[in-house]
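Down below is the structure, laid out as structure tokens.
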Amino acid sequence: MSSSFSHHGLQASQYTILFFLSICLAFFNVEAKVHHLKWEIKYEFKSPDCFKKLAITINGLTPGPTVTATQGDTLVIDVTNSLLTENVAIHWHGIRQIGTPWSDGTEGVTQCPVQPGDTFTYRFVVDRAGTYMYHAHYGMQRSAGLNGLIRVLVPEGTVEPFEYDDERHLLLNDWWHKSTYEQAAGLSSPTFEWVGEPQSLLINGRGKYNCSLAAGAMDSCNKENSECLPESLTVVQGKTYRFRIASVASLSAFNLEIEGHIMTIVEADGHYVEPVVVKNLNIYSGETYSVIVKADQDNSSNYWVALNVVSRKPNTATGTAILNYYPNHPLKSPPTVAPVGALWNDTAYRVNQSKSIVSHHSYIEAPPRTTDRTIILLNTQNKINGHMKWAINNVSFTLPTTPYLIAMKNKLHHVFSQKPAPETYDYENYDIHTVLSNPNTSSSNSIYKLGFSSTVDIILQNANTLSPNNSETHPWHLHGHDFWVLGFGKNKFDPKVDPKNYNLVNPIQRNTVPLHPYGWTALRFSANNPGVWAFHCHIEAHFFMGMGVVFEAGVEKVGKLPKSIRGCGESK
Ligand code: C2O
Ligand code: CU
């Protein structure tokens with residue numbers, strides 16, 4: 001090493017690095033900041049809907065703190081696991097983790113779980129403005145309360161294609177009184193106990209359970225508890241608001257309505273939408289939206305923000321928050337009954353709203369015209385050795401004990417199935433409208449290896465469940481990428497005909513999309529983010545029962561893995 005050029009201990013090479021670094025900073029964003037957060041994860045008794053139960057909290061809060069940063073900033077989050085007897089991992093849903101696949105937080109895929117007493121540091125850049133979320137990605141922990149909102153702001157001076165005076169947030173969730181352990185044990189037991197419909201719906205972590213229904217557990221339910229006072233969002237007449245909305249629901253598809261106010265959808269999963277005016281918004285677990293709402297109503301009263309279950313027969317009271325017109329008291333009840341939203345079984349209404357969400361005309365990034373590979377994924381409910389499962393092309397997904405990222409990077413080929421996951425199903429003969437027994441279903445941790453930077457089409461194909469005349473809605477979420485939503489269709493996807501009707505002009509890009517009952521959804525993405533990435537149904541119980549797959553692309557291009565992601569399976 002040359003030591004002839006040295007000043008204040010700096011080597012010539014270090015000067016060069018500093019020089020380029022400062023040029024880069026000046027070029028991209030002088031103000032890119034590093035936000036350092038310290039989070040302690042622990043159980044606490046909480047009564048979000050007046051019923052007291054253990055919840056997983058971040059620094060004592062559920063939902064956790066809203067994370068705010070500006071595009072280009074770095075987040076450094078030290079997560080200390082104080083759950084005592086339970087592992088944890090946190091996923092940054094919608095953040096692509098370009099160059100940092102090990103910070104994706106997907107236990108079993110990108111990292112070993114964080115063990116009790118340990119601190120794990122997530123470090124990543126938020127490279128695109130928009131509304132995102134975070135949540136636990138270990139077992140069914142998301143349902144235990146470990147979730148929150150991420151806001152990535154546009155750099156100063158950047159104009160967005162809509163205007164507003166101020167922002168409000170709606171983090172939507174469904175809530176059960178049974179612990180997630182009881183739920184998980186029920187799902188995996190041979191007698192199968194389904195989690196059932198939620199006891200309540202939460203808006204910003206607040207709901208209201210009817211305590212008189214809490215038979216035998218009356219002590220645990222106290223309707224006077226201040227933790228379950230309704231959420232109130234104050235607005236001033238004449239002003240315009242951007243509502244950032246995210247659904248971290250475990251199960252439910254939601255319909256959100258603000259009494260007396262129309263909403264204009266302007267953002268979906270971090271992408272600008274060609275504005276759509278709606279009376280109510282269907283939002284599926286894992287999706288985020290921004291809607292513009294004008295406070296243009298009579299300000300002598302308050303209005304309901306109403307959250308209703310759709311797609312499954314509802315057995316949960318409407319979730320409510322109060323839209324508070326200044327200067328009314330924030331908790332003044334609106335004089336009306338809260339809206340009941342859209343008809344729960346009006347699938348056509350929801351499909352049409354899904355189809356109406358396309359890219360804003362000034363922000364179109366057109367998809368590649370053709371694809372390199374088409375993978376068709378049949379979604380079915382199955383039984384394996386008497387256990388109820390969900391399967392994709394007759395394979396029910398299981399996680400390996402050594403995370404894929406570590407296994408693939410270190411060529412530990414024996415730690416998961418090397419058999420390629422199935423590319424399609426018997427689409428000529430399979431009748432998606434009847435209950436089939438699928439005798440050949442098996443469990444596997446096999447994956448799809450994608451050509452790096454290749455274009456991949458995914459066709460999600462829905463089918464009948466094990467109950468006659470029943471097909472469910474599945475919100476599918478892709479880690480590490482956004483996909484283009486090319487189309488939605490009814491019945492069985494026809495590979496010869498349906499691609500001719502794809503929207504290749506202005507499809508929205510997003511990370512989560514619904515697969516509607518008895519229908520199909522077509523997606524396209526570029527496998528250009530080196531790493532190993534989960535793609536799964538965002539219904540917590542469905543993923544737990546095997547409803548997911550894993551994609552690998554360009555793993556050889558991934559930089560040196562941090563030691564901290566190891567510590568389990570054969571990765572020690
Ligand atoms: Cu928000 Cu893998 O999930
Ligand atoms: Cu599902």
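Quick note on naming: the chains in the structure tokens go A, B, ... in the order shown, residues restart at 1 in each chain, and ligands are numbered from 1 in order of appearance.
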
Check every protein, DNA and RNA residue against ligand 1, keep those with an atom at most 8 Å away (counting only C-alpha atoms and all ligand atoms), and present them as a PyMOL selection string. chain A and resi 91-94+106+133-135+137+248+285-286+477-479+534-536+538

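Once A:His413 and its same-chain neighbours fewer than 6 positions away are set aside, Pro400, Thr402, Pro403, Tyr404, Leu405, Ile406, Ala407, Lys419, Ser446 and Glu570 of chain A remain within 12 Å of it when counting only C-alpha atoms.
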
Next, the residues of the selection above should be written as a PDB file, in the first residue's frame with all heavy atoms.
```
ATOM      1  N   PRO A 400     -37.821 -24.142   5.247  1.00  0.00           N
ATOM      2  CA  PRO A 400     -36.698 -24.966   5.703  1.00  0.00           C
ATOM      3  C   PRO A 400     -36.145 -24.427   7.029  1.00  0.00           C
ATOM      4  O   PRO A 400     -36.417 -23.281   7.389  1.00  0.00           O
ATOM      5  CB  PRO A 400     -35.673 -24.798   4.586  1.00  0.00           C
ATOM      6  CG  PRO A 400     -35.943 -23.441   4.027  1.00  0.00           C
ATOM      7  CD  PRO A 400     -37.423 -23.189   4.194  1.00  0.00           C
ATOM      8  N   THR A 402     -32.964 -24.031   7.595  1.00  0.00           N
ATOM      9  CA  THR A 402     -31.874 -23.118   7.231  1.00  0.00           C
ATOM     10  C   THR A 402     -32.432 -22.144   6.198  1.00  0.00           C
ATOM     11  O   THR A 402     -32.920 -22.569   5.157  1.00  0.00           O
ATOM     12  CB  THR A 402     -30.693 -23.897   6.602  1.00  0.00           C
ATOM     13  OG1 THR A 402     -30.269 -24.890   7.534  1.00  0.00           O
ATOM     14  CG2 THR A 402     -29.540 -22.986   6.264  1.00  0.00           C
ATOM     15  N   PRO A 403     -32.387 -20.830   6.468  1.00  0.00           N
ATOM     16  CA  PRO A 403     -32.961 -19.865   5.524  1.00  0.00           C
ATOM     17  C   PRO A 403     -32.375 -20.019   4.117  1.00  0.00           C
ATOM     18  O   PRO A 403     -31.176 -20.244   3.956  1.00  0.00           O
ATOM     19  CB  PRO A 403     -32.584 -18.518   6.133  1.00  0.00           C
ATOM     20  CG  PRO A 403     -32.408 -18.797   7.592  1.00  0.00           C
ATOM     21  CD  PRO A 403     -31.838 -20.189   7.667  1.00  0.00           C
ATOM     22  N   TYR A 404     -33.229 -19.888   3.102  1.00  0.00           N
ATOM     23  CA  TYR A 404     -32.811 -20.079   1.711  1.00  0.00           C
ATOM     24  C   TYR A 404     -31.626 -19.193   1.329  1.00  0.00           C
ATOM     25  O   TYR A 404     -30.729 -19.630   0.620  1.00  0.00           O
ATOM     26  CB  TYR A 404     -33.956 -19.738   0.756  1.00  0.00           C
ATOM     27  CG  TYR A 404     -35.117 -20.675   0.800  1.00  0.00           C
ATOM     28  CD1 TYR A 404     -36.310 -20.297   1.411  1.00  0.00           C
ATOM     29  CD2 TYR A 404     -35.046 -21.937   0.210  1.00  0.00           C
ATOM     30  CE1 TYR A 404     -37.401 -21.146   1.423  1.00  0.00           C
ATOM     31  CE2 TYR A 404     -36.140 -22.798   0.232  1.00  0.00           C
ATOM     32  CZ  TYR A 404     -37.315 -22.389   0.847  1.00  0.00           C
ATOM     33  OH  TYR A 404     -38.394 -23.231   0.869  1.00  0.00           O
ATOM     34  N   LEU A 405     -31.662 -17.939   1.743  1.00  0.00           N
ATOM     35  CA  LEU A 405     -30.614 -17.005   1.322  1.00  0.00           C
ATOM     36  C   LEU A 405     -29.237 -17.522   1.735  1.00  0.00           C
ATOM     37  O   LEU A 405     -28.286 -17.512   0.950  1.00  0.00           O
ATOM     38  CB  LEU A 405     -30.882 -15.609   1.909  1.00  0.00           C
ATOM     39  CG  LEU A 405     -29.902 -14.509   1.504  1.00  0.00           C
ATOM     40  CD1 LEU A 405     -29.893 -14.279  -0.006  1.00  0.00           C
ATOM     41  CD2 LEU A 405     -30.246 -13.186   2.217  1.00  0.00           C
ATOM     42  N   ILE A 406     -29.162 -18.015   2.966  1.00  0.00           N
ATOM     43  CA  ILE A 406     -27.888 -18.543   3.473  1.00  0.00           C
ATOM     44  C   ILE A 406     -27.558 -19.852   2.754  1.00  0.00           C
ATOM     45  O   ILE A 406     -26.428 -20.073   2.298  1.00  0.00           O
ATOM     46  CB  ILE A 406     -27.992 -18.772   4.997  1.00  0.00           C
ATOM     47  CG1 ILE A 406     -28.345 -17.449   5.702  1.00  0.00           C
ATOM     48  CG2 ILE A 406     -26.704 -19.369   5.536  1.00  0.00           C
ATOM     49  CD1 ILE A 406     -28.792 -17.602   7.143  1.00  0.00           C
ATOM     50  N   ALA A 407     -28.569 -20.705   2.616  1.00  0.00           N
ATOM     51  CA  ALA A 407     -28.353 -22.008   1.981  1.00  0.00           C
ATOM     52  C   ALA A 407     -27.843 -21.833   0.558  1.00  0.00           C
ATOM     53  O   ALA A 407     -26.894 -22.507   0.135  1.00  0.00           O
ATOM     54  CB  ALA A 407     -29.653 -22.800   1.983  1.00  0.00           C
ATOM     55  N   LYS A 419     -35.726 -30.258  -6.074  1.00  0.00           N
ATOM     56  CA  LYS A 419     -36.671 -30.512  -7.156  1.00  0.00           C
ATOM     57  C   LYS A 419     -37.349 -29.187  -7.511  1.00  0.00           C
ATOM     58  O   LYS A 419     -37.852 -28.500  -6.627  1.00  0.00           O
ATOM     59  CB  LYS A 419     -37.703 -31.506  -6.626  1.00  0.00           C
ATOM     60  CG  LYS A 419     -38.550 -32.164  -7.658  1.00  0.00           C
ATOM     61  CD  LYS A 419     -39.479 -33.176  -6.991  1.00  0.00           C
ATOM     62  CE  LYS A 419     -40.764 -33.234  -7.791  1.00  0.00           C
ATOM     63  NZ  LYS A 419     -41.853 -33.853  -7.046  1.00  0.00           N
ATOM     64  N   SER A 446     -39.538 -26.749  -1.888  1.00  0.00           N
ATOM     65  CA  SER A 446     -38.892 -26.484  -3.177  1.00  0.00           C
ATOM     66  C   SER A 446     -39.196 -25.052  -3.632  1.00  0.00           C
ATOM     67  O   SER A 446     -40.148 -24.433  -3.149  1.00  0.00           O
ATOM     68  CB  SER A 446     -39.383 -27.482  -4.225  1.00  0.00           C
ATOM     69  OG  SER A 446     -40.779 -27.341  -4.418  1.00  0.00           O
ATOM     70  N   GLU A 570     -28.429 -25.166   9.580  1.00  0.00           N
ATOM     71  CA  GLU A 570     -27.021 -25.489   9.312  1.00  0.00           C
ATOM     72  C   GLU A 570     -26.241 -24.246   8.962  1.00  0.00           C
ATOM     73  O   GLU A 570     -25.202 -24.297   8.332  1.00  0.00           O
ATOM     74  CB  GLU A 570     -26.944 -26.519   8.191  1.00  0.00           C
ATOM     75  CG  GLU A 570     -27.590 -27.808   8.631  1.00  0.00           C
ATOM     76  CD  GLU A 570     -27.255 -28.980   7.735  1.00  0.00           C
ATOM     77  OE1 GLU A 570     -26.198 -28.949   7.079  1.00  0.00           O
ATOM     78  OE2 GLU A 570     -28.050 -29.914   7.718  1.00  0.00           O
TER      79      GLU A 570
END
```

Secondary structure check, alpha helix (DSSP H) residues of stretch 205-445 of chain A, as JSON, numbers by chain: {"A": [347, 348, 349, 350, 351, 352, 353, 354, 355, 356, 404, 405, 406, 407, 408, 409]}

Residues at most 8 Å from ligand 2, using only C-alpha atoms and all ligand atoms? Could they come as a ChimeraX atom specification? /A:390,472-476,537-539,541-543,547

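Nearest-residue note for A:Leu171: choosing from A:Ile265, A:Leu75, A:Ala321, A:Ile98, the minimum distance belongs to A:Ala321, counting only C-alpha atoms.
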
Measure the distance from atom CA of A:Ile258 to atom CA of A:Thr288 in Å and round it to one decimal.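 About the pair atom CA of A:Ile258 and atom CA of A:Thr288: they are 16.8 Å apart.
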
Which polymer residues have any atom within 12 Å of an atom of stretch 213-215 of chain A, counting only C-alpha atoms, with same-chain residues fewer than 2 positions away left out, as a ChimeraX atom specification? /A:49-52,177,199-200,208-211,217-223

Those residues with N, CA, C and O atoms, as an mmCIF file, in the first residue's frame please?
```cif
data_model
loop_
_atom_site.group_PDB
_atom_site.id
_atom_site.type_symbol
_atom_site.label_atom_id
_atom_site.label_comp_id
_atom_site.auth_asym_id
_atom_site.auth_seq_id
_atom_site.Cartn_x
_atom_site.Cartn_y
_atom_site.Cartn_z
ATOM 1 N N ASP A 49 -59.716 -3.388 21.916
ATOM 2 C CA ASP A 49 -61.160 -3.377 21.663
ATOM 3 C C ASP A 49 -61.937 -3.555 22.973
ATOM 4 O O ASP A 49 -63.046 -4.063 22.975
ATOM 5 N N CYS A 50 -61.306 -3.146 24.090
ATOM 6 C CA CYS A 50 -61.852 -3.235 25.457
ATOM 7 C C CYS A 50 -61.621 -4.613 26.101
ATOM 8 O O CYS A 50 -61.808 -4.766 27.302
ATOM 9 N N PHE A 51 -61.230 -5.616 25.290
ATOM 10 C CA PHE A 51 -60.972 -6.950 25.825
ATOM 11 C C PHE A 51 -59.477 -7.073 26.060
ATOM 12 O O PHE A 51 -58.668 -6.879 25.143
ATOM 13 N N LYS A 52 -59.111 -7.397 27.313
ATOM 14 C CA LYS A 52 -57.694 -7.420 27.678
ATOM 15 C C LYS A 52 -57.039 -8.728 27.261
ATOM 16 O O LYS A 52 -57.538 -9.798 27.586
ATOM 17 N N HIS A 177 -59.465 -12.678 20.055
ATOM 18 C CA HIS A 177 -59.177 -12.747 21.484
ATOM 19 C C HIS A 177 -58.336 -13.963 21.849
ATOM 20 O O HIS A 177 -57.646 -13.959 22.856
ATOM 21 N N GLN A 199 -63.038 -11.047 16.288
ATOM 22 C CA GLN A 199 -63.934 -10.503 17.311
ATOM 23 C C GLN A 199 -64.193 -9.020 17.072
ATOM 24 O O GLN A 199 -65.250 -8.513 17.408
ATOM 25 N N SER A 200 -63.199 -8.327 16.503
ATOM 26 C CA SER A 200 -63.435 -6.917 16.217
ATOM 27 C C SER A 200 -62.516 -6.426 15.116
ATOM 28 O O SER A 200 -61.564 -7.114 14.727
ATOM 29 N N LYS A 208 -64.063 -1.766 19.156
ATOM 30 C CA LYS A 208 -64.967 -1.888 20.298
ATOM 31 C C LYS A 208 -65.667 -3.230 20.250
ATOM 32 O O LYS A 208 -66.436 -3.498 19.331
ATOM 33 N N TYR A 209 -65.342 -4.078 21.245
ATOM 34 C CA TYR A 209 -66.017 -5.357 21.368
ATOM 35 C C TYR A 209 -67.187 -5.167 22.319
ATOM 36 O O TYR A 209 -67.086 -4.408 23.286
ATOM 37 N N ASN A 210 -68.281 -5.846 22.031
ATOM 38 C CA ASN A 210 -69.447 -5.764 22.907
ATOM 39 C C ASN A 210 -69.191 -6.659 24.120
ATOM 40 O O ASN A 210 -69.310 -7.878 24.038
ATOM 41 N N CYS A 211 -68.810 -6.042 25.258
ATOM 42 C CA CYS A 211 -68.367 -6.817 26.423
ATOM 43 C C CYS A 211 -69.428 -7.790 26.943
ATOM 44 O O CYS A 211 -69.080 -8.795 27.557
ATOM 45 N N ALA A 217 -65.646 -14.342 30.501
ATOM 46 C CA ALA A 217 -64.396 -13.584 30.500
ATOM 47 C C ALA A 217 -64.698 -12.115 30.757
ATOM 48 O O ALA A 217 -63.975 -11.234 30.318
ATOM 49 N N MET A 218 -65.793 -11.884 31.491
ATOM 50 C CA MET A 218 -66.236 -10.515 31.742
ATOM 51 C C MET A 218 -65.155 -9.663 32.393
ATOM 52 O O MET A 218 -65.051 -8.470 32.109
ATOM 53 N N ASP A 219 -64.350 -10.293 33.265
ATOM 54 C CA ASP A 219 -63.295 -9.528 33.947
ATOM 55 C C ASP A 219 -62.316 -8.936 32.946
ATOM 56 O O ASP A 219 -61.672 -7.930 33.205
ATOM 57 N N SER A 220 -62.170 -9.626 31.820
ATOM 58 C CA SER A 220 -61.184 -9.188 30.834
ATOM 59 C C SER A 220 -61.722 -8.086 29.944
ATOM 60 O O SER A 220 -60.980 -7.506 29.181
ATOM 61 N N CYS A 221 -63.013 -7.836 30.016
ATOM 62 C CA CYS A 221 -63.609 -6.869 29.100
ATOM 63 C C CYS A 221 -64.143 -5.684 29.906
ATOM 64 O O CYS A 221 -64.952 -5.855 30.806
ATOM 65 N N ASN A 222 -63.668 -4.500 29.578
ATOM 66 C CA ASN A 222 -64.099 -3.316 30.310
ATOM 67 C C ASN A 222 -64.352 -2.197 29.307
ATOM 68 O O ASN A 222 -63.416 -1.625 28.753
ATOM 69 N N LYS A 223 -65.632 -1.915 29.096
ATOM 70 C CA LYS A 223 -65.945 -0.949 28.039
ATOM 71 C C LYS A 223 -65.555 0.480 28.399
ATOM 72 O O LYS A 223 -65.571 1.351 27.543
#
```

Would you list the contacts of A:Pro499 as a PDB file with N, CA, C and O atoms, in the first residue's frame, taking every protein, DNA or RNA residue within 9 Å and counting only C-alpha atoms, but skipping same-chain residues closer than 6 positions in sequence?
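As a result, result_13.pdb now contains:
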```pdb
ATOM      1  N   LEU A 486     -51.438  -7.196 -14.966  1.00  0.00           N
ATOM      2  CA  LEU A 486     -51.807  -7.214 -16.386  1.00  0.00           C
ATOM      3  C   LEU A 486     -53.281  -7.497 -16.621  1.00  0.00           C
ATOM      4  O   LEU A 486     -53.819  -7.168 -17.678  1.00  0.00           O
ATOM      5  N   GLY A 487     -53.931  -8.156 -15.653  1.00  0.00           N
ATOM      6  CA  GLY A 487     -55.347  -8.415 -15.877  1.00  0.00           C
ATOM      7  C   GLY A 487     -55.974  -9.295 -14.815  1.00  0.00           C
ATOM      8  O   GLY A 487     -55.288  -9.978 -14.054  1.00  0.00           O
ATOM      9  N   ALA A 522     -53.346 -11.931 -13.500  1.00  0.00           N
ATOM     10  CA  ALA A 522     -52.089 -12.085 -14.243  1.00  0.00           C
ATOM     11  C   ALA A 522     -51.121 -10.960 -13.881  1.00  0.00           C
ATOM     12  O   ALA A 522     -51.480  -9.790 -13.884  1.00  0.00           O
TER      13      ALA A 522
END
```

Return as a ChimeraX atom specification the full set of residues in stretch 383-444 of chain A whose backbone-based DSSP assignment is strand (DSSP E or B). /A:383-384,387-392,395-397,442-444

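The smallest atom-to-atom distance between A:Ser250 and any of A:Ile458, A:Val291, A:Leu399, A:Leu201, using only C-alpha atoms, is found for A:Leu201.
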
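Excluding A:Glu274 and any residue on its chain fewer than 6 positions from it, the residues at most 8 Å away by only C-alpha atoms are Ile265, Val266, Ile357, Val358, Ser359, His360 and His361 of chain A.
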
Of the candidates A:Ser437, A:Val351, A:Pro422, A:Glu182, which shows the shortest atom-to-atom distance to A:Tyr518, using only C-alpha atoms? A:Val351
